[in-house]
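Asks: Let me begin by handing over the structure; questions about it come next.
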Amino acid sequence: MSDVVILGAGISGHTAALHLRRLLDKRHNVTVVSPNSHWNWIPSNIWVGVGEMTTRDVTFPLAPVYQRQGITFRQAKATAIHPQGDSTDARGAVDIESTDPATAGTTQRLRYDYLINATGPKLKFEATAGLGPTGHTLSVCTAQHATEAAEKLREVIAVLKTGRPQTLVIGMGHGTCTCQGAAFEYVFNVDHELREAGVRELAGVIYLTNEAALGDFGVDGMVFDQQGFLTTSELWTSSLFREREVQAIVGAHVEKVEAGLIHYETLDGAHHALPFDFAMLLPPFGGVPLTAYAADGRDISAELFSPAGFMKVDADYTPKPYEEWRGADWPTTYQAPGYSNVFAVGIAFAPPHQISRPRKTANGTVVAPAPPRTGMPSGVMGKTAALTIADRIKNGADAPAHTASMASMGAACVASAGAGLTNGSAAAMTMMPVVPDYSVFPTGRDTATTRGELGLHGHWVKLMLHYLFLYKAKALPGWQLIPE
Amino acid sequence: MNPEPTDQPLLDVSKAPLPTPKTLAQRQSLPFQFLRFLAFNVRIMRMVIRGHH
């Protein structure tokens with residue numbers, strides 16, 4: 001009998017749990033530890049953030065699904081890991097603290113034979129003074145944040161209807177943010193809502209980003225083959241901004257936010273202050289804080305985690321300049337060095353470096369978009385770790401690891417506005433691989449698969465993904481046939 | 001014209017290409033978009049088959 005513990009019930013952790021339960025017979029235990037009681041299809045939070053969907057549309061309770069599947073669920077947060085065991089037991093262990101209202105604060109040490117760290121991001125609003133829902137800006141990172149953003153947007157639209165102009169700023173709240181695709185999608189959803197409300201003419205809509213150019217998306221931009229021409233995602237995105245009359249400020253590091261005023265620095269070193277009536281700025285991500293202890297009780301966190309708190313895996317972390325970055329730097333097995341039974345997937349693993357070229361302002365301030373790890377790669381990583389663990393439990397601990405690298409897998413980003421079947425629109429992008437490989441593709445990526453398109457069909461894709469992945473996450477019949 | 005702050009380093013996108021009326025109509029045309037929907041799904045499946053290992 002083996003115990004598999006999964007920290008986190010986001011896209012990668014939940015995917016790993018469902019596959020492990022499918023692959024292992026009931027003699028083995030699969031336990032999920034998550035501080036949240038609900039699963040959230042985060043990509044659709046954008047629609048919650050403009051009032052097109054509600055929290056109920058994008059979440060569901062995890063406990064009934066896990067009960068039906070035979071997965072043990074602990075609503076708790078992990079606080080420490082003991083990968084070498086402790087003085088009483090050589091098996092690895094995780095310390096957890098309950099977040100279930102009925103047992104909040106009680107602690108427990110869970111033993112494991114295999115551990116998957118899929119804790120996702122820590123939303124580091126504190127990195128920028130005044131950023132976030134407890135400060136002066138909004139967020140769509142959680143369904144609750146998105147609901148608050150929708151309420152504020154309604155208020156702003158009500159003011160616009162009285163004839164008073166308003167400035168809406170959407171983008172990134174720090175120079176090291178990731179997930180530009182989400183802010184890009186939100187800005188065009190807000191634009192759509194303002195047009196639907198008939199108040200677009202009175203609204204100034206500004207996209208404030210740490211990307212050095214439009215269309216970077218934290219992946220160093222893309223090159224599309226469009227009607228026989230190689231076209232950059234910068235030109236493609238700029239066209240959309242011009243068409244929709246959305247203004248952009250690029251290469252920006254937000255320094256602090258005061259009530260109604262965003263202070264930011266641009267790559268030329270200049271400092272600016274931008275007045276706003278509505279601001280949705282995403283925070284930078286860090287790893288969820290976990291302390292790691294050796295068997296003798298020594299703190300070995302620095303060995304297991306990067307300074308940003310992400311867990312080190314089988315990547316090449318040798319510092320090297322942008323020109324020397326290679327796809328081979330990226331992890332393939334997501335196994336922690338020195339621990340063949342510990343894996344980190346999704347946002348929890350430490351990337352070897354950015355994908356987009358990092359820059360500094362003239363004053364030395366870092367403006368470096370962090371690498372995105374979107375739903376498709378996160379799900380694939382979770383499944384990959386699950387396959388490896390299942391093989392090792394069935395065939396022995398030396399069974400080879402399954403592999404999946406962001407330098408070979410693709411990703412999709414669909415920025416959709418509107419929620420009807422005939423009146424929506426979308427910017428739909430696919431890229432493959434996520435990490436460009438110039439040794440294989442002259443443009444870094446396969447132009448047969450890397451593509452950007454505008455139109456109603458992207459909106460249908462987004463709706464399809466919404467219902468398909470909620471169905472899959474609920475483990476309803478045939479869920480395993482839906483690819484990650 | 002949208003009310004934008006004038007003292008901000010706003011990106012100049014005035015040279016970016018604008019879609020023609022035909023392109024805008026195609027983006028909303030149900031038959032055309034249905035074909036693009038199928039093409040998008042073929043592309044996604046190609047990525048799943050070739051890249052997820």
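Going by the structure tokens order, chains are called A, B, ..., each with residues numbered from 1, while ligands are numbered from 1 in the order shown.
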Please provide the set of residues having any atom within 9 Å of Ser87 (chain A), restricted to only C-alpha atoms, with same-chain residues fewer than 5 positions apart removed, written as a tab-separated table (two decimals) with N, CA, C and O atoms, in the first residue's frame.

Replies:
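Final file, out.tsv:
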chain	number	residue	atom	x	y	z
A	295	ALA	N	15.99	15.38	8.07
A	295	ALA	CA	15.59	14.41	9.10
A	295	ALA	C	16.03	14.86	10.49
A	295	ALA	O	15.37	14.56	11.49
A	296	ASP	N	17.17	15.59	10.55
A	296	ASP	CA	17.65	16.05	11.86
A	296	ASP	C	17.06	17.39	12.27
A	296	ASP	O	17.49	18.01	13.25
A	297	GLY	N	16.10	17.87	11.51
A	297	GLY	CA	15.40	19.11	11.89
A	297	GLY	C	16.00	20.37	11.31
A	297	GLY	O	15.47	21.46	11.52

Asks: Run DSSP on the backbone and tell me which residues of region 50-118 of chain A come out as helix (DSSP H, G or I); list them as a CSV table (one decimal) with N, CA and C atoms, in the first residue's frame.

Replies:
chain,number,residue,atom,x,y,z
A,55,THR,N,-19.9,33.5,-9.5
A,55,THR,CA,-19.0,32.5,-8.9
A,55,THR,C,-19.5,31.1,-9.1
A,56,ARG,N,-20.8,30.9,-9.0
A,56,ARG,CA,-21.4,29.6,-9.1
A,56,ARG,C,-21.1,28.9,-10.5
A,57,ASP,N,-21.0,29.8,-11.5
A,57,ASP,CA,-20.8,29.3,-12.8
A,57,ASP,C,-19.3,28.8,-13.0
A,58,VAL,N,-18.4,29.2,-12.2
A,58,VAL,CA,-17.0,28.9,-12.4
A,58,VAL,C,-16.4,28.1,-11.3
A,62,LEU,N,-15.3,20.7,-4.0
A,62,LEU,CA,-14.5,19.5,-4.3
A,62,LEU,C,-14.8,18.3,-3.5
A,63,ALA,N,-15.3,18.4,-2.3
A,63,ALA,CA,-15.5,17.3,-1.4
A,63,ALA,C,-16.4,16.2,-2.0
A,64,PRO,N,-17.6,16.5,-2.6
A,64,PRO,CA,-18.4,15.5,-3.2
A,64,PRO,C,-17.7,14.7,-4.3
A,65,VAL,N,-16.9,15.5,-5.1
A,65,VAL,CA,-16.2,14.8,-6.3
A,65,VAL,C,-15.2,13.8,-5.7
A,66,TYR,N,-14.4,14.3,-4.7
A,66,TYR,CA,-13.4,13.4,-4.2
A,66,TYR,C,-14.0,12.2,-3.4
A,67,GLN,N,-15.2,12.4,-2.8
A,67,GLN,CA,-15.8,11.3,-2.1
A,67,GLN,C,-16.3,10.3,-3.1
A,68,ARG,N,-16.8,10.7,-4.2
A,68,ARG,CA,-17.3,9.8,-5.2
A,68,ARG,C,-16.1,9.0,-5.9
A,69,GLN,N,-15.0,9.7,-6.0
A,69,GLN,CA,-13.8,9.1,-6.7
A,69,GLN,C,-13.0,8.3,-5.7

Asks: Have a look at B:Asp7, B:Asn41, B:Phe32, B:Ala16 and name the one nearest to chain A; count only C-alpha atoms.

Replies: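 For chain A, the nearest of the given residues is B:Ala16.
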
Asks: What lies within 9 Å of Thr59 (chain A) using only C-alpha atoms, ignoring chain neighbours under 5 positions off, as number ranges by chain?

Replies: A: 38-42, 143, 470

Asks: Using only C-alpha atoms, pick whichever of A:Thr388, A:Thr137, A:Ser238, A:Thr403 has the shortest atom-to-atom distance to Lys15 (chain B).

Replies: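 Closest to Lys15 (chain B) of all the choices is A:Ser238.
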
Asks: For Thr119 (chain A), which of A:Gly173, A:Gly382, A:Pro371, A:Gly452 is the closest residue, counting only C-alpha atoms?

Replies: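 With only C-alpha atoms as the atom set, the closest residue is A:Gly382.
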
Asks: Show me, as a ChimeraX atom specification, the residues that have an atom within 8 Å of region 163-170 of chain A when counting only C-alpha atoms, minus same-chain residues fewer than 4 positions from it.

Replies: /A:156,159,183,186-187,202-208,275-281 /B:3-4

Asks: Just to be explicit: take each residue in the selection above, keep N, CA and C atoms, and write the result as a PDB file, in the first residue's frame.

Replies:
ATOM      1  N   VAL A 156     -18.758  52.147 -12.029  1.00  0.00           N
ATOM      2  CA  VAL A 156     -18.095  53.040 -12.979  1.00  0.00           C
ATOM      3  C   VAL A 156     -19.011  53.289 -14.187  1.00  0.00           C
ATOM      4  N   VAL A 159     -21.606  55.768 -13.291  1.00  0.00           N
ATOM      5  CA  VAL A 159     -21.080  57.139 -13.307  1.00  0.00           C
ATOM      6  C   VAL A 159     -20.969  57.629 -14.750  1.00  0.00           C
ATOM      7  N   ALA A 183      -4.847  39.749 -18.349  1.00  0.00           N
ATOM      8  CA  ALA A 183      -5.109  41.197 -18.344  1.00  0.00           C
ATOM      9  C   ALA A 183      -5.548  41.656 -19.730  1.00  0.00           C
ATOM     10  N   TYR A 186      -9.066  40.655 -20.098  1.00  0.00           N
ATOM     11  CA  TYR A 186      -9.968  41.472 -19.276  1.00  0.00           C
ATOM     12  C   TYR A 186     -10.176  42.854 -19.894  1.00  0.00           C
ATOM     13  N   VAL A 187      -9.115  43.440 -20.442  1.00  0.00           N
ATOM     14  CA  VAL A 187      -9.265  44.793 -20.976  1.00  0.00           C
ATOM     15  C   VAL A 187     -10.255  44.797 -22.147  1.00  0.00           C
ATOM     16  N   LEU A 202     -17.111  57.894 -23.427  1.00  0.00           N
ATOM     17  CA  LEU A 202     -16.721  58.695 -22.249  1.00  0.00           C
ATOM     18  C   LEU A 202     -15.629  58.025 -21.415  1.00  0.00           C
ATOM     19  N   ALA A 203     -15.249  56.811 -21.817  1.00  0.00           N
ATOM     20  CA  ALA A 203     -14.297  56.051 -21.003  1.00  0.00           C
ATOM     21  C   ALA A 203     -12.922  56.021 -21.650  1.00  0.00           C
ATOM     22  N   GLY A 204     -11.908  56.327 -20.859  1.00  0.00           N
ATOM     23  CA  GLY A 204     -10.534  56.113 -21.289  1.00  0.00           C
ATOM     24  C   GLY A 204     -10.102  54.747 -20.792  1.00  0.00           C
ATOM     25  N   VAL A 205      -9.696  53.863 -21.698  1.00  0.00           N
ATOM     26  CA  VAL A 205      -9.297  52.503 -21.294  1.00  0.00           C
ATOM     27  C   VAL A 205      -7.815  52.340 -21.603  1.00  0.00           C
ATOM     28  N   ILE A 206      -7.031  52.054 -20.567  1.00  0.00           N
ATOM     29  CA  ILE A 206      -5.570  51.987 -20.718  1.00  0.00           C
ATOM     30  C   ILE A 206      -5.071  50.626 -20.249  1.00  0.00           C
ATOM     31  N   TYR A 207      -4.258  49.995 -21.087  1.00  0.00           N
ATOM     32  CA  TYR A 207      -3.597  48.728 -20.757  1.00  0.00           C
ATOM     33  C   TYR A 207      -2.177  49.064 -20.309  1.00  0.00           C
ATOM     34  N   LEU A 208      -1.909  48.829 -19.035  1.00  0.00           N
ATOM     35  CA  LEU A 208      -0.612  49.183 -18.441  1.00  0.00           C
ATOM     36  C   LEU A 208       0.154  47.882 -18.206  1.00  0.00           C
ATOM     37  N   PRO A 275      -3.692  58.918 -13.072  1.00  0.00           N
ATOM     38  CA  PRO A 275      -4.957  58.943 -12.327  1.00  0.00           C
ATOM     39  C   PRO A 275      -5.918  57.888 -12.871  1.00  0.00           C
ATOM     40  N   PHE A 276      -6.699  57.280 -11.979  1.00  0.00           N
ATOM     41  CA  PHE A 276      -7.660  56.272 -12.438  1.00  0.00           C
ATOM     42  C   PHE A 276      -8.930  56.313 -11.591  1.00  0.00           C
ATOM     43  N   ASP A 277      -9.999  55.816 -12.199  1.00  0.00           N
ATOM     44  CA  ASP A 277     -11.261  55.634 -11.475  1.00  0.00           C
ATOM     45  C   ASP A 277     -11.513  54.151 -11.210  1.00  0.00           C
ATOM     46  N   PHE A 278     -10.912  53.308 -12.049  1.00  0.00           N
ATOM     47  CA  PHE A 278     -11.083  51.846 -11.938  1.00  0.00           C
ATOM     48  C   PHE A 278      -9.742  51.235 -12.345  1.00  0.00           C
ATOM     49  N   ALA A 279      -9.206  50.371 -11.512  1.00  0.00           N
ATOM     50  CA  ALA A 279      -7.925  49.733 -11.874  1.00  0.00           C
ATOM     51  C   ALA A 279      -7.956  48.261 -11.500  1.00  0.00           C
ATOM     52  N   MET A 280      -7.734  47.400 -12.489  1.00  0.00           N
ATOM     53  CA  MET A 280      -7.557  45.974 -12.237  1.00  0.00           C
ATOM     54  C   MET A 280      -6.111  45.653 -12.621  1.00  0.00           C
ATOM     55  N   LEU A 281      -5.283  45.472 -11.606  1.00  0.00           N
ATOM     56  CA  LEU A 281      -3.863  45.190 -11.845  1.00  0.00           C
ATOM     57  C   LEU A 281      -3.518  43.850 -11.216  1.00  0.00           C
TER      58      LEU A 281
ATOM     59  N   PRO B   3     -11.529  60.079 -23.764  1.00  0.00           N
ATOM     60  CA  PRO B   3     -10.763  60.972 -22.908  1.00  0.00           C
ATOM     61  C   PRO B   3      -9.546  60.249 -22.327  1.00  0.00           C
ATOM     62  N   GLU B   4      -8.364  60.523 -22.833  1.00  0.00           N
ATOM     63  CA  GLU B   4      -7.152  59.871 -22.334  1.00  0.00           C
ATOM     64  C   GLU B   4      -6.265  60.921 -21.669  1.00  0.00           C
TER      65      GLU B   4
END

Asks: Extract the full set of strand (DSSP E) residues from region 51-181 of chain A according to DSSP on the backbone, and format it as a ChimeraX atom specification.

Replies: /A:59-61,72-82,92-98,107-112,114-117,121-123,166-172

Asks: Using only C-alpha atoms, find each residue of region 200-230 of chain A with at least one atom at most 12 Å away from an atom of region 413-431 of chain A; report its shortest atom-to-atom pair and that distance in Å (one decimal), sort the rows by chain and rising residue number, and return the result as JSON lines.

Replies:
{"residue": "A:Gly215", "atom": "CA", "partner": "A:Met429", "partner_atom": "CA", "distance": 10.6}
{"residue": "A:Phe217", "atom": "CA", "partner": "A:Cys413", "partner_atom": "CA", "distance": 9.7}
{"residue": "A:Val219", "atom": "CA", "partner": "A:Met431", "partner_atom": "CA", "distance": 9.7}
{"residue": "A:Asp220", "atom": "CA", "partner": "A:Met431", "partner_atom": "CA", "distance": 11.7}
{"residue": "A:Gly221", "atom": "CA", "partner": "A:Met431", "partner_atom": "CA", "distance": 10.0}
{"residue": "A:Met222", "atom": "CA", "partner": "A:Met431", "partner_atom": "CA", "distance": 7.7}
{"residue": "A:Val223", "atom": "CA", "partner": "A:Met431", "partner_atom": "CA", "distance": 9.3}
{"residue": "A:Phe224", "atom": "CA", "partner": "A:Met431", "partner_atom": "CA", "distance": 9.3}
{"residue": "A:Asp225", "atom": "CA", "partner": "A:Met431", "partner_atom": "CA", "distance": 11.9}

Asks: Give me, please, the distance in Å between CA of Thr231 (chain A) and CA of Pro17 (chain B), quoted to one decimal.

Replies: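 Interatomic distance, CA of Thr231 (chain A) to CA of Pro17 (chain B): 11.5 Å.
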
Asks: Name all residues at most 8 Å from Ile46 (chain A) (count only C-alpha atoms; drop same-chain ones fewer than 4 positions away) and give them as a ChimeraX atom specification.

Replies: /A:42,50,140,146,182,185-186,189

Asks: Write a file of the just-selected residues containing all heavy atoms, as a short mmCIF file (atom, residue, chain, number, x, y, z; two decimals), in the first residue's frame.

Replies:
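As written to disk, result_33.cif reads:
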data_model
loop_
_atom_site.label_atom_id
_atom_site.label_comp_id
_atom_site.auth_asym_id
_atom_site.auth_seq_id
_atom_site.Cartn_x
_atom_site.Cartn_y
_atom_site.Cartn_z
N ILE A 42 -10.29 28.98 -13.47
CA ILE A 42 -9.79 30.34 -13.38
C ILE A 42 -9.94 31.13 -14.69
O ILE A 42 -10.26 32.32 -14.65
CB ILE A 42 -8.34 30.33 -12.85
CG1 ILE A 42 -8.34 29.87 -11.39
CG2 ILE A 42 -7.68 31.70 -12.96
CD1 ILE A 42 -6.98 29.59 -10.80
N VAL A 50 -16.59 40.82 -15.24
CA VAL A 50 -17.40 41.82 -15.94
C VAL A 50 -18.90 41.55 -15.74
O VAL A 50 -19.74 42.18 -16.38
CB VAL A 50 -17.07 41.89 -17.45
CG1 VAL A 50 -15.68 42.48 -17.66
CG2 VAL A 50 -17.22 40.54 -18.12
N VAL A 140 -8.68 39.81 -10.66
CA VAL A 140 -9.58 38.74 -11.12
C VAL A 140 -8.93 37.38 -10.87
O VAL A 140 -9.30 36.39 -11.51
CB VAL A 140 -9.94 38.90 -12.62
CG1 VAL A 140 -10.84 40.11 -12.83
CG2 VAL A 140 -8.70 38.98 -13.50
N ALA A 146 -12.89 38.59 -8.58
CA ALA A 146 -13.55 38.94 -9.84
C ALA A 146 -14.95 39.50 -9.60
O ALA A 146 -15.38 40.42 -10.29
CB ALA A 146 -13.60 37.72 -10.76
N ALA A 182 -4.27 37.18 -19.33
CA ALA A 182 -5.49 37.40 -18.54
C ALA A 182 -5.85 38.88 -18.53
O ALA A 182 -7.02 39.25 -18.69
CB ALA A 182 -5.29 36.88 -17.12
N GLU A 185 -7.13 39.84 -21.91
CA GLU A 185 -8.51 39.40 -22.09
C GLU A 185 -9.46 40.29 -21.32
O GLU A 185 -10.54 40.65 -21.82
CB GLU A 185 -8.66 37.95 -21.63
CG GLU A 185 -10.08 37.44 -21.77
CD GLU A 185 -10.21 35.95 -21.55
OE1 GLU A 185 -9.22 35.32 -21.16
OE2 GLU A 185 -11.31 35.41 -21.78
N TYR A 186 -9.07 40.66 -20.10
CA TYR A 186 -9.97 41.47 -19.28
C TYR A 186 -10.18 42.85 -19.89
O TYR A 186 -11.28 43.37 -19.88
CB TYR A 186 -9.43 41.57 -17.85
CG TYR A 186 -10.44 42.17 -16.89
CD1 TYR A 186 -11.64 41.51 -16.62
CD2 TYR A 186 -10.22 43.39 -16.27
CE1 TYR A 186 -12.59 42.05 -15.77
CE2 TYR A 186 -11.16 43.94 -15.41
CZ TYR A 186 -12.34 43.26 -15.16
OH TYR A 186 -13.29 43.81 -14.32
N ASN A 189 -12.71 42.60 -22.54
CA ASN A 189 -14.04 42.34 -21.98
C ASN A 189 -14.63 43.63 -21.42
O ASN A 189 -15.82 43.90 -21.59
CB ASN A 189 -13.96 41.28 -20.88
CG ASN A 189 -14.20 39.88 -21.41
OD1 ASN A 189 -15.33 39.42 -21.47
ND2 ASN A 189 -13.13 39.23 -21.83
#

Asks: Between CA of Thr176 (chain A) and CA of Leu290 (chain A), what is the spacing in Å?

Replies: 21.5 Å
